[in-house]
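Data block below; observations after.
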Amino acid sequence: DNTIPFIVPFNKNPNFTGREDQLAELEKRLFIGEQTSKIAITGLGGVGKTQLVLELAYRIRVKYQSCSILWIPATDTESLQQAYLDVAQQLNIAGRDDKTANVKKLVQLHLSKTTRPWLLIFDNADDVNMWVAEAGVEPGSGRLIDYLPRSEQGRIVFTTRDRKTAVKLARQNVVEVPEMDEEVAIQLLQKCLMNPDLVNNRTDTMALLKELTYLPLAIVQAAAYINENGIAFVDYLSLLADQEEAVIELLSEDFEDDGRYVNVKNPVATTWLISFEQIRHRDPLAVDYLSFMACIDPKDIPRSLLPAGASRKKEIDAIGTLEAYSFIIKRAADLALDLHRLVHLATRNWLRQNHLIAQWTERAIIQLEEVFPDDDHQNRTTWRTYLPHVCYVLMSDKSDKDGETRIALSLRFGECLFSDGRYNEAEAPFVEVMERYERVLGLEHPSTLTSMANLASTYRDQGRWKEAEDLEVQVMETRKRVLGPEHPDTLTSIASLASTYRNQGRWKEAEDLDVQVMKTRKRVLGPEHPDTLTSIANLASTYRDQGRWKEAEDLEVQVMKTRKRVDAGKRPKTWRCK
């Protein structure tokens with residue numbers, strides 16, 4: 001019936017795929033049995049809320065032919081006001097042409113009184129202030145929620161990115177749109193491609209969809225780029241593996257889409273910018289958390305890493321805001337969070353555009369340096385959890401490489417990797433620390449020499465004997481000259497060199513140095529000092545590795561008996577050779 005109003009701004013989407021469970025639930029709750037007057041559809045920006053309600057509108061038009069369907073975009077005040085004027089015109093509401101008339105009130109009264117069934121859709125109801133903020137003084141400036149019509153014949157559907165707004169508008173009547181599963185995502189991709197046979201390469205298809213996080217907007221955008229440039233999935237994947245700025249450029253590519261509003265940008269990289277701005281004005285701590293998380297690894301973020309808020313309630317509210325926008329997912333027991341990978345990328349782009357990326361990278365380094373523990377074995381569970389986030393922030397080129405806080409964090413990072421036996425990974429932070437100390441403090445500064453010894457230990461445990469030996473000799477000779485031959489640090493460096501010789505099977509050279517260290521420590525520190533006992537144990541190891549069992553056993557028994565007698569609890573923690 002052409003007389004039944006159907007005011008919808010988009011044509012039916014021929015590529016709409018899946019979402020049958022959500023469509024069935026919406027129809028059931030709106031039109032079957034115990035009917036609901038208001039429902040909100042919520043989910044991450046780009047997940048397909050508008051397309052879902054568009055498909056619903058066309059199905060309702062066919063199935064319930066007497067039902068009027070009215071669509072009002074709620075993106076901003078201007079588009080909403082224009083949509084109300086269009087609806088009033090289409091419904092031929094009296095008084096609509098009066099420039100002083102409150103058109104929202106006219107539409108409300110008309111729909112509240114009509115005897116015909118109607119479905120009113122508010123799309124993109126993301127700005128909660130438009131709906132519930134206090135009324136202004138101008139006519140028609142009241143709270144939008146107060147202009148919602150009420151009728152047993154009527155149903156209202158909202159789409160919003162924000163679950164908190166959804167609850168305010170529809171209370172418990174909220175339908176969440178999840179990410180697509182693999183098979184439905186493949187179907188959507190195939191429908192959007194000029195060459196549907198590309199999906200026959202299952203490996204590349206699954207790799208592409210995984211990179212796009214099964215997000216419908218990202219899938220449609222990728223298909224448009226692939227169609228325009230005639231490239232294969234592997235080519236698009238290689239672009240996604242490029243440097244961050246290049247990936248942002250790729251995901252910022254605009255594309256033609258019949259299902260979007262005029263003057264609204266649709267690329268993945270920009271789709272959440274309006275959400276970021278809304279959160280910034282509404283919940284500053286939530287934006288702080290989002291900005292902080294954009295500078296660390298997006299997966300498995302312990303809540304203990306997040307900067308403290310003014311109160312526990314504000315912290316809970318901030319986490320709730322980010323979860324309400326589907327930006328984060330809480331892991332079991334609320335102990336850790338996952339930030340959506342593409343949101344992570346988009347947030348970094350937003351920070352970069354606002355010239356905040358360097359500032360937030362520095363803040364992340366300061367926060368991590370405060371909470372990241374030393375490499376004591378008792379802290380292992382904690383630092384293993386924090387390691388990926390420290391690694392991410394230290395890889396950034398957005399911070400001061402010579403900053404003291406960064407260097408302190410790099411040193412502790414390297415020590416924890418070393419303690420965990422991850423010698424290859426420990427090398428990079430140790431090199432960074434050493435080079436910074438050489439540049440700022442000079443070659444003979446104690447901190448520089450310690451950093452060189454740390455790096456030498458890393459080389460030794462990788463079996464890179466020559467590099468380890470060269471550094472250890474340099475450290476030993478410098479300490480002899482600067483500190484003296486009997487200084488504890490000098491003796492430690494001699495013991496380290498002996499260990500490198502021992503690991504290569506250079507027994508005579510190792511033994512000579514072990515004996516030298518042992519005798520000096522006995523004379524300087526005493527026969528029962530922990531460092532003296534360590535040097536005796538090192539000599540025993542050299543004997544044992546040569547098969548000189550009796551000599552090794554005698555020394556080991558001596559060390560064991562002495563340590564039993566001496567208070568072991570006072571022994572200083574050591575993780576380098578002494």
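Letters A, B, ... mark the chains of the structure tokens in the order given; residue numbers begin at 1 per chain; ligand numbers begin at 1, in order shown.
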Legend entry - Exercise: Asp162 in chain A partners within 9 Å, only C-alpha atoms, chain neighbours under 6 positions left out, as an MDAnalysis selection string: chainID A and resid 42:44 125:128 275 321:326
Would you save the residues from that selection as a PDB file, in the first residue's frame, using N, CA, C and O atoms?
```pdb
ATOM      1  N   THR A  42      22.739  -2.108  20.198  1.00  0.00           N
ATOM      2  CA  THR A  42      24.051  -1.531  20.520  1.00  0.00           C
ATOM      3  C   THR A  42      25.165  -2.451  20.064  1.00  0.00           C
ATOM      4  O   THR A  42      24.966  -3.651  19.853  1.00  0.00           O
ATOM      5  N   GLY A  43      26.349  -1.885  19.909  1.00  0.00           N
ATOM      6  CA  GLY A  43      27.516  -2.648  19.462  1.00  0.00           C
ATOM      7  C   GLY A  43      28.602  -1.704  18.984  1.00  0.00           C
ATOM      8  O   GLY A  43      28.382  -0.490  18.825  1.00  0.00           O
ATOM      9  N   LEU A  44      29.780  -2.250  18.761  1.00  0.00           N
ATOM     10  CA  LEU A  44      30.934  -1.473  18.317  1.00  0.00           C
ATOM     11  C   LEU A  44      30.635  -0.730  17.024  1.00  0.00           C
ATOM     12  O   LEU A  44      29.948  -1.252  16.139  1.00  0.00           O
ATOM     13  N   ALA A 125      21.952   7.058  17.782  1.00  0.00           N
ATOM     14  CA  ALA A 125      21.620   7.821  18.993  1.00  0.00           C
ATOM     15  C   ALA A 125      22.788   7.715  19.974  1.00  0.00           C
ATOM     16  O   ALA A 125      22.676   7.133  21.055  1.00  0.00           O
ATOM     17  N   ASP A 126      23.917   8.282  19.585  1.00  0.00           N
ATOM     18  CA  ASP A 126      25.157   8.111  20.346  1.00  0.00           C
ATOM     19  C   ASP A 126      25.403   9.219  21.365  1.00  0.00           C
ATOM     20  O   ASP A 126      26.126   9.015  22.341  1.00  0.00           O
ATOM     21  N   ASP A 127      24.842  10.396  21.113  1.00  0.00           N
ATOM     22  CA  ASP A 127      25.090  11.537  22.001  1.00  0.00           C
ATOM     23  C   ASP A 127      24.016  11.567  23.080  1.00  0.00           C
ATOM     24  O   ASP A 127      22.904  12.059  22.868  1.00  0.00           O
ATOM     25  N   VAL A 128      24.355  11.063  24.252  1.00  0.00           N
ATOM     26  CA  VAL A 128      23.364  10.955  25.323  1.00  0.00           C
ATOM     27  C   VAL A 128      22.845  12.321  25.747  1.00  0.00           C
ATOM     28  O   VAL A 128      21.683  12.451  26.185  1.00  0.00           O
ATOM     29  N   SER A 275      33.103   9.040  18.450  1.00  0.00           N
ATOM     30  CA  SER A 275      32.956   8.394  19.763  1.00  0.00           C
ATOM     31  C   SER A 275      34.037   8.884  20.723  1.00  0.00           C
ATOM     32  O   SER A 275      33.763   9.139  21.902  1.00  0.00           O
ATOM     33  N   THR A 321      32.426   2.874  30.748  1.00  0.00           N
ATOM     34  CA  THR A 321      32.215   3.659  29.528  1.00  0.00           C
ATOM     35  C   THR A 321      32.888   3.006  28.328  1.00  0.00           C
ATOM     36  O   THR A 321      32.280   2.859  27.259  1.00  0.00           O
ATOM     37  N   LEU A 322      34.134   2.594  28.491  1.00  0.00           N
ATOM     38  CA  LEU A 322      34.856   1.966  27.375  1.00  0.00           C
ATOM     39  C   LEU A 322      34.229   0.634  26.999  1.00  0.00           C
ATOM     40  O   LEU A 322      34.162   0.278  25.815  1.00  0.00           O
ATOM     41  N   GLU A 323      33.749  -0.101  27.991  1.00  0.00           N
ATOM     42  CA  GLU A 323      33.076  -1.368  27.697  1.00  0.00           C
ATOM     43  C   GLU A 323      31.731  -1.112  27.025  1.00  0.00           C
ATOM     44  O   GLU A 323      31.316  -1.854  26.130  1.00  0.00           O
ATOM     45  N   ALA A 324      31.041  -0.038  27.440  1.00  0.00           N
ATOM     46  CA  ALA A 324      29.739   0.289  26.860  1.00  0.00           C
ATOM     47  C   ALA A 324      29.853   0.609  25.374  1.00  0.00           C
ATOM     48  O   ALA A 324      28.927   0.349  24.603  1.00  0.00           O
ATOM     49  N   TYR A 325      30.995   1.180  24.957  1.00  0.00           N
ATOM     50  CA  TYR A 325      31.227   1.452  23.537  1.00  0.00           C
ATOM     51  C   TYR A 325      31.803   0.231  22.803  1.00  0.00           C
ATOM     52  O   TYR A 325      32.146   0.326  21.624  1.00  0.00           O
ATOM     53  N   SER A 326      31.945  -0.886  23.507  1.00  0.00           N
ATOM     54  CA  SER A 326      32.513  -2.124  22.951  1.00  0.00           C
ATOM     55  C   SER A 326      33.971  -1.954  22.536  1.00  0.00           C
ATOM     56  O   SER A 326      34.474  -2.704  21.700  1.00  0.00           O
TER      57      SER A 326
END
```
Asp397 in chain A surroundings by only C-alpha atoms, 12 Å radius, close-in-sequence under 6 positions cut, as a CSV table (one decimal) with N, CA, C and O atoms, in the first residue's frame:
```
chain,number,residue,atom,x,y,z
A,244,GLU,N,52.8,1.6,10.9
A,244,GLU,CA,51.6,2.0,11.5
A,244,GLU,C,50.9,3.2,10.7
A,244,GLU,O,49.7,3.1,10.4
A,295,CYS,N,49.0,3.1,24.0
A,295,CYS,CA,50.4,3.1,24.0
A,295,CYS,C,51.1,1.9,24.5
A,295,CYS,O,52.3,1.8,24.7
A,357,ILE,N,50.4,11.9,20.9
A,357,ILE,CA,51.0,10.6,21.0
A,357,ILE,C,52.3,10.5,21.8
A,357,ILE,O,52.5,9.6,22.6
A,358,ALA,N,53.1,11.5,21.6
A,358,ALA,CA,54.4,11.6,22.4
A,358,ALA,C,54.1,11.8,23.9
A,358,ALA,O,54.7,11.1,24.7
A,361,THR,N,52.8,8.5,25.3
A,361,THR,CA,53.8,7.5,25.3
A,361,THR,C,54.7,7.7,26.6
A,361,THR,O,55.0,6.8,27.3
A,362,GLU,N,55.0,9.0,26.8
A,362,GLU,CA,55.8,9.3,28.0
A,362,GLU,C,55.1,9.0,29.3
A,362,GLU,O,55.7,8.4,30.3
A,406,ARG,N,62.8,6.2,31.1
A,406,ARG,CA,62.8,5.1,30.0
A,406,ARG,C,64.0,4.2,30.2
A,406,ARG,O,63.9,3.0,30.1
```
Legend entry - Selection near Cys192 in chain A, 8 Å with only C-alpha atoms, sequence-local residues under 3 positions removed, as a PyMOL selection string: chain A and resi 15+188-189+196+220+223-224
Inset, instruction - Mind the document's chain letters and residue numbers, and return as JSON, numbers by chain the residues of range 323-401 of chain A that DSSP labels strand (DSSP E or B). - result: {"A": [328, 329, 330, 336, 337, 338, 339]}
Selection above as a file: C-alpha atoms, as a tab-separated table (two decimals), in the first residue's frame:
```
chain	number	residue	atom	x	y	z
A	328	ILE	CA	37.24	-3.19	25.51
A	329	ILE	CA	36.36	-6.69	26.67
A	330	LYS	CA	36.72	-7.68	30.29
A	336	ALA	CA	42.40	-7.88	32.74
A	337	LEU	CA	41.10	-6.06	29.69
A	338	ASP	CA	41.45	-6.48	25.92
A	339	LEU	CA	41.30	-3.37	23.73
```
Inset, instruction - List every residue of range 83-248 of chain A that DSSP, applied to the backbone of this structure, places in helix (DSSP H, G or I), and write the result as a VMD selection string. - result: chain A and resid 83 to 90 103 to 113 128 to 132 144 to 147 163 to 170 182 to 192 196 to 200 202 to 211 216 to 229 233 to 240 244 to 248
Inset, instruction - Could you give me, as an MDAnalysis selection string, the residues within 8 Å of range 282-291 of chain A, counting only C-alpha atoms and dropping anything in the same chain fewer than 5 positions from it? - result: chainID A and resid 276 306:307 309 314:315 317:319 321:322 347:348 351 360
Store the residues picked out above, limited to C-alpha atoms, as an mmCIF file, in the first residue's frame.
```
data_model
loop_
_atom_site.group_PDB
_atom_site.id
_atom_site.type_symbol
_atom_site.label_atom_id
_atom_site.label_comp_id
_atom_site.auth_asym_id
_atom_site.auth_seq_id
_atom_site.Cartn_x
_atom_site.Cartn_y
_atom_site.Cartn_z
ATOM 1 C CA PHE A 276 36.352 9.493 21.073
ATOM 2 C CA LEU A 306 45.936 1.684 34.690
ATOM 3 C CA PRO A 307 46.611 5.094 36.248
ATOM 4 C CA GLY A 309 41.460 7.785 39.213
ATOM 5 C CA LYS A 314 35.315 7.002 38.795
ATOM 6 C CA GLU A 315 37.612 4.129 37.806
ATOM 7 C CA ASP A 317 32.672 4.313 35.566
ATOM 8 C CA ALA A 318 35.579 4.871 33.148
ATOM 9 C CA ILE A 319 36.018 1.149 32.499
ATOM 10 C CA THR A 321 32.215 3.659 29.528
ATOM 11 C CA LEU A 322 34.856 1.966 27.375
ATOM 12 C CA THR A 347 43.088 5.703 18.994
ATOM 13 C CA ARG A 348 46.784 6.031 18.190
ATOM 14 C CA LEU A 351 46.292 10.893 19.472
ATOM 15 C CA TRP A 360 50.871 9.714 26.218
#
```
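Between CA of Gly320 in chain A and CA of Leu356 in chain A the separation is 23.7 Å.
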Inset, instruction - Would you mind listing what lies within 6 Å of range 503-517 of chain A as a VMD selection string, with only C-alpha atoms counted and same-chain residues fewer than 4 positions away left out? - result: chain A and resid 491 498 539
Contact residues around Tyr58 in chain A with only C-alpha atoms at 12 Å, ignoring same-chain residues under 3 positions, as a compact mmCIF listing (two decimals) with C-alpha atoms, in the first residue's frame:
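Writing done, so here's result_28.txt:
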```txt
# COMPACT_ATOMS: atom_id res chain seq x y z
CA PHE A 6 7.80 4.30 4.59
CA ILE A 7 10.37 6.99 5.31
CA VAL A 8 13.77 5.28 5.13
CA PRO A 9 16.84 7.04 3.65
CA PHE A 10 18.51 3.95 2.15
CA ASN A 11 17.67 1.25 -0.35
CA LYS A 12 17.61 -2.37 0.79
CA ASN A 13 21.18 -3.63 1.11
CA PRO A 14 21.68 -6.53 -1.34
CA PHE A 16 23.30 -7.88 3.90
CA LEU A 23 16.49 -10.11 13.44
CA GLU A 27 10.74 -9.07 15.47
CA GLN A 51 22.46 -2.30 8.35
CA LEU A 52 20.69 -4.59 10.81
CA VAL A 53 17.86 -2.12 11.49
CA LEU A 54 17.67 -1.29 7.76
CA GLU A 55 17.10 -4.97 6.99
CA ARG A 61 7.40 -3.53 5.47
CA VAL A 62 6.73 -6.84 3.73
CA LYS A 63 5.37 -8.77 6.73
CA TYR A 64 3.32 -6.04 8.44
CA GLN A 65 2.06 -4.02 5.51
CA CYS A 67 2.79 -0.54 9.68
CA SER A 68 4.23 2.93 9.04
CA ILE A 69 8.02 2.98 9.21
CA LEU A 70 9.75 6.25 10.03
CA TRP A 71 13.52 6.76 10.18
CA LEU A 119 7.78 1.76 13.86
```
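Atom to atom, CA of Glu435 in chain A and CA of Phe418 in chain A stand 18.3 Å apart.
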Legend entry - Shell of 12 Å around Glu553 in chain A, only C-alpha atoms, local chain residues under 2 positions omitted, as number ranges by chain: A: 536-537, 539-545, 547-551, 555-560
Inset, instruction - To one decimal in Å, tell me the separation between CA of Thr270 in chain A and CA of Ser396 in chain A. - result: 22.5 Å
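Nearest to Gly142 in chain A of all the residues A:Gln172, A:Leu109, A:Thr532, A:Lys104 is A:Lys104, based on only C-alpha atoms.
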